[in-house]
Each structure stands twice: as structure tokens, then as C-alpha cells.
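Below: one structure, written as C-alpha cells.
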Amino acid sequence: MLNLKRLSDSLRAATSGQTWQVLAGYSADLGFDRIIGHDLGKAGPTVQSTFDADWLAYHQDRQFARNDPFLAYCCRAGQPTATGAAYLGEYGYLSDCQRSVIRAAGDAGFDARSSVVPPDQPDCAWDIGSSLPHRDVGALRREMRQTLPLALRMVTQHIRPTPRLTERENNEMRLLGARKRVQ
């Protein structure tokens, strides 16, 4: 079961550079050993993954990102979508190129997975999966359908840098702290 307190404590102790490793280890302990995180925020799109460097190079060499249907079809905030080769029969609308991307990920052990987009972070999309059989992944998804988005929300908040306040905002915060009025 997902222990959000343990994850929160681990994230608090981690530097921002260690956050991804904390998530990877934590989720692998739960059975989710394959993760791709898409941050589509203001800083521009970034992708992180637990896949090894060889597979990522293969993915890049084949330009799979251009045909990956994940961002187009699976990223609805608060509505997890079953994804991966195990579910290809449910998605007749995919092109042959899109199907080949999904099959290649399945060959790499990313056969059954789920999209997770926390409701208040629509610019962060997570493709969470496992090398476990798809029935087991389905059971994990159902068991953690409410807590997994919360965990990923915590991770995203830890990864993204906190915006700095302007000098004026700092002065206003000091005034508010001293119980003074500000405009």
C-alpha cells in the first residue's frame, strides 16, 4: 500500500536532483518499475524515465516521441487511462506508427501501464507501468487510484523550483507578518 507519509519524508530529505531516484525506488517497491514523467510546464517540455540509457537511445534514434500517442490520448486530468501493448485491442483508432511505438515499449517490459494526471496539475503527465502481468498492474491501479495521483503531485512539487518572490512581494510578506495592511 502507498504510504504517503514515508514518501513525503523521503522527498523532504532529498535534494531536487535526488527526487527522481526517490520516486523510482519508492514506486518500484510498490510494483511500478517503469515510469515516464512528462512535465509540460512553463519551462518547456521535459521527460524523465526509469528506462535504461540504451532503451532511451533506441527510442530517440527511432524518433518514437513523434508518434507516441500518450500525450495526445491519455492525458486527461483526474482520469487514468489504461495504456500499453496489453490494451492495444481497446484502441482501434491508433495508427500503425503509434502501435509500433507501444509495441516497442512493451518489448522493453512496459506492457501494461496507466496514465496519471493529477487534477490540479494538468501540465504533468505520468505514464506509470510495471513489468508485472497486466492483470496485476490493473489490480495495483485500482488499489492506488486515489493515492497515486497525490504521490505524484508531491513529487512534481518537489521537482519544480519554487518561484522566487519579487522585492515588493517580500516586503508585503514582511508587512503581513507584522499584521500590517498591504494593497
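A note on labels: chains of the C-alpha cells are A, B, ... as shown, every chain counts residues from 1, and ligands are counted from 1 in their shown order.
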
Running DSSP on the backbone, which parts of stretch 72-138 of chain A land in strand (DSSP E), as JSON, numbers by chain?
-> {"A": [82, 83, 112, 113, 114, 115, 116, 124, 125, 126, 127, 128, 129, 130]}

Save out the residues we just selected, N, CA and C atoms, as a short mmCIF file (atom, residue, chain, number, x, y, z; two decimals), in the first residue's frame.
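As a result, selection17.cif now contains:
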data_model
loop_
_atom_site.label_atom_id
_atom_site.label_comp_id
_atom_site.auth_asym_id
_atom_site.auth_seq_id
_atom_site.Cartn_x
_atom_site.Cartn_y
_atom_site.Cartn_z
N ALA A 82 -5.85 3.25 -19.06
CA ALA A 82 -5.01 2.06 -19.23
C ALA A 82 -4.27 2.20 -20.55
N THR A 83 -2.96 2.04 -20.52
CA THR A 83 -2.15 2.20 -21.71
C THR A 83 -1.22 1.00 -21.86
N ALA A 112 2.00 -3.09 -19.64
CA ALA A 112 0.74 -2.66 -19.03
C ALA A 112 1.03 -1.46 -18.15
N ARG A 113 0.30 -0.41 -18.41
CA ARG A 113 0.57 0.82 -17.66
C ARG A 113 -0.67 1.68 -17.58
N SER A 114 -0.52 2.82 -16.94
CA SER A 114 -1.65 3.72 -16.75
C SER A 114 -1.15 5.15 -16.79
N SER A 115 -1.97 6.01 -17.38
CA SER A 115 -1.66 7.43 -17.31
C SER A 115 -2.17 7.96 -15.97
N VAL A 116 -1.43 8.90 -15.42
CA VAL A 116 -1.86 9.58 -14.20
C VAL A 116 -1.58 11.06 -14.39
N CYS A 124 1.35 18.09 -16.04
CA CYS A 124 2.23 17.00 -15.64
C CYS A 124 1.53 15.68 -15.93
N ALA A 125 2.15 14.89 -16.78
CA ALA A 125 1.55 13.61 -17.15
C ALA A 125 2.53 12.49 -16.83
N TRP A 126 2.04 11.48 -16.17
CA TRP A 126 2.85 10.35 -15.76
C TRP A 126 2.35 9.10 -16.46
N ASP A 127 3.28 8.35 -17.02
CA ASP A 127 2.98 7.05 -17.62
C ASP A 127 3.61 6.03 -16.68
N ILE A 128 2.78 5.41 -15.87
CA ILE A 128 3.23 4.52 -14.80
C ILE A 128 2.94 3.08 -15.19
N GLY A 129 3.94 2.24 -15.14
CA GLY A 129 3.72 0.85 -15.53
C GLY A 129 4.58 -0.11 -14.75
N SER A 130 4.54 -1.34 -15.21
CA SER A 130 5.22 -2.40 -14.50
C SER A 130 5.61 -3.50 -15.46
#

Please provide the set of residues having any atom within 12 Å of A:Arg62, restricted to only C-alpha atoms, with same-chain residues fewer than 6 positions apart removed, written as a ChimeraX atom specification.
-> /A:55-56,68,97,100-101,104

Tell me which protein, DNA and RNA residues are within 10 Å of stretch 18-31 of chain A, counting only C-alpha atoms, leaving out same-chain ones fewer than 5 positions away, and put them as a ChimeraX atom specification.
-> /A:1-3,6-7,10-13,37,48-50,128-132,136-137,140,144,148,151-152,155-156,158-159

Given only C-alpha atoms as the counted atoms, nearest of A:Gly84, A:Pro133, A:Pro149, A:Gly17 to A:Arg99 |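 Closest to A:Arg99 of all the choices is A:Gly84.
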
So what do you get for atom CA of A:Ala57 versus atom CA of A:His38, distance-wise?
->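 Answer for the atom CA of A:Ala57 to atom CA of A:His38 separation: 17.2 Å.
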
With only C-alpha atoms as the atoms that count, which of A:Arg145, A:Ile36, A:Arg66, A:Arg153 lies nearest to A:Thr81?
->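 Once distances to A:Thr81 are computed over only C-alpha atoms, the minimum belongs to A:Arg145.
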
Quick one: distance from atom CA of A:Glu143 to atom CA of A:Gln157 in Å, one decimal?
-> 23.4 Å

Given the choices A:Arg179, A:Asp39, A:Asp33, A:Thr147, which gets closest to A:Leu71 if the distance is worked out from only C-alpha atoms?
->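 Residue with the minimum atom-to-atom distance to A:Leu71: A:Asp39.
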
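Among A:Ala139, A:Ile102, A:Ala77, A:Met154, the residue with the shortest atom-to-atom distance to A:Lys5, counting only C-alpha atoms, is A:Met154.
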
Apply DSSP to the backbone of this structure and, from chain A, keep only the residues in alpha helix (DSSP H); write these as JSON, numbers by chain.
-> {"A": [4, 5, 6, 7, 8, 9, 10, 11, 12, 13, 19, 20, 21, 22, 23, 24, 25, 26, 27, 28, 29, 30, 53, 54, 55, 56, 57, 58, 59, 60, 61, 70, 71, 72, 73, 96, 97, 98, 99, 100, 101, 102, 103, 104, 105, 106, 107, 134, 135, 136, 137, 138, 139, 140, 141, 142, 143, 147, 148, 149, 150, 151, 152, 153, 154, 155, 156, 157, 158, 159, 167, 168, 169, 170, 171, 172, 173, 174, 175, 176, 177]}

Distance atom CA of A:Arg76-atom CA of A:Val117, one decimal place?
->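 Atom-to-atom, atom CA of A:Arg76 and atom CA of A:Val117 are spaced 6.4 Å apart.
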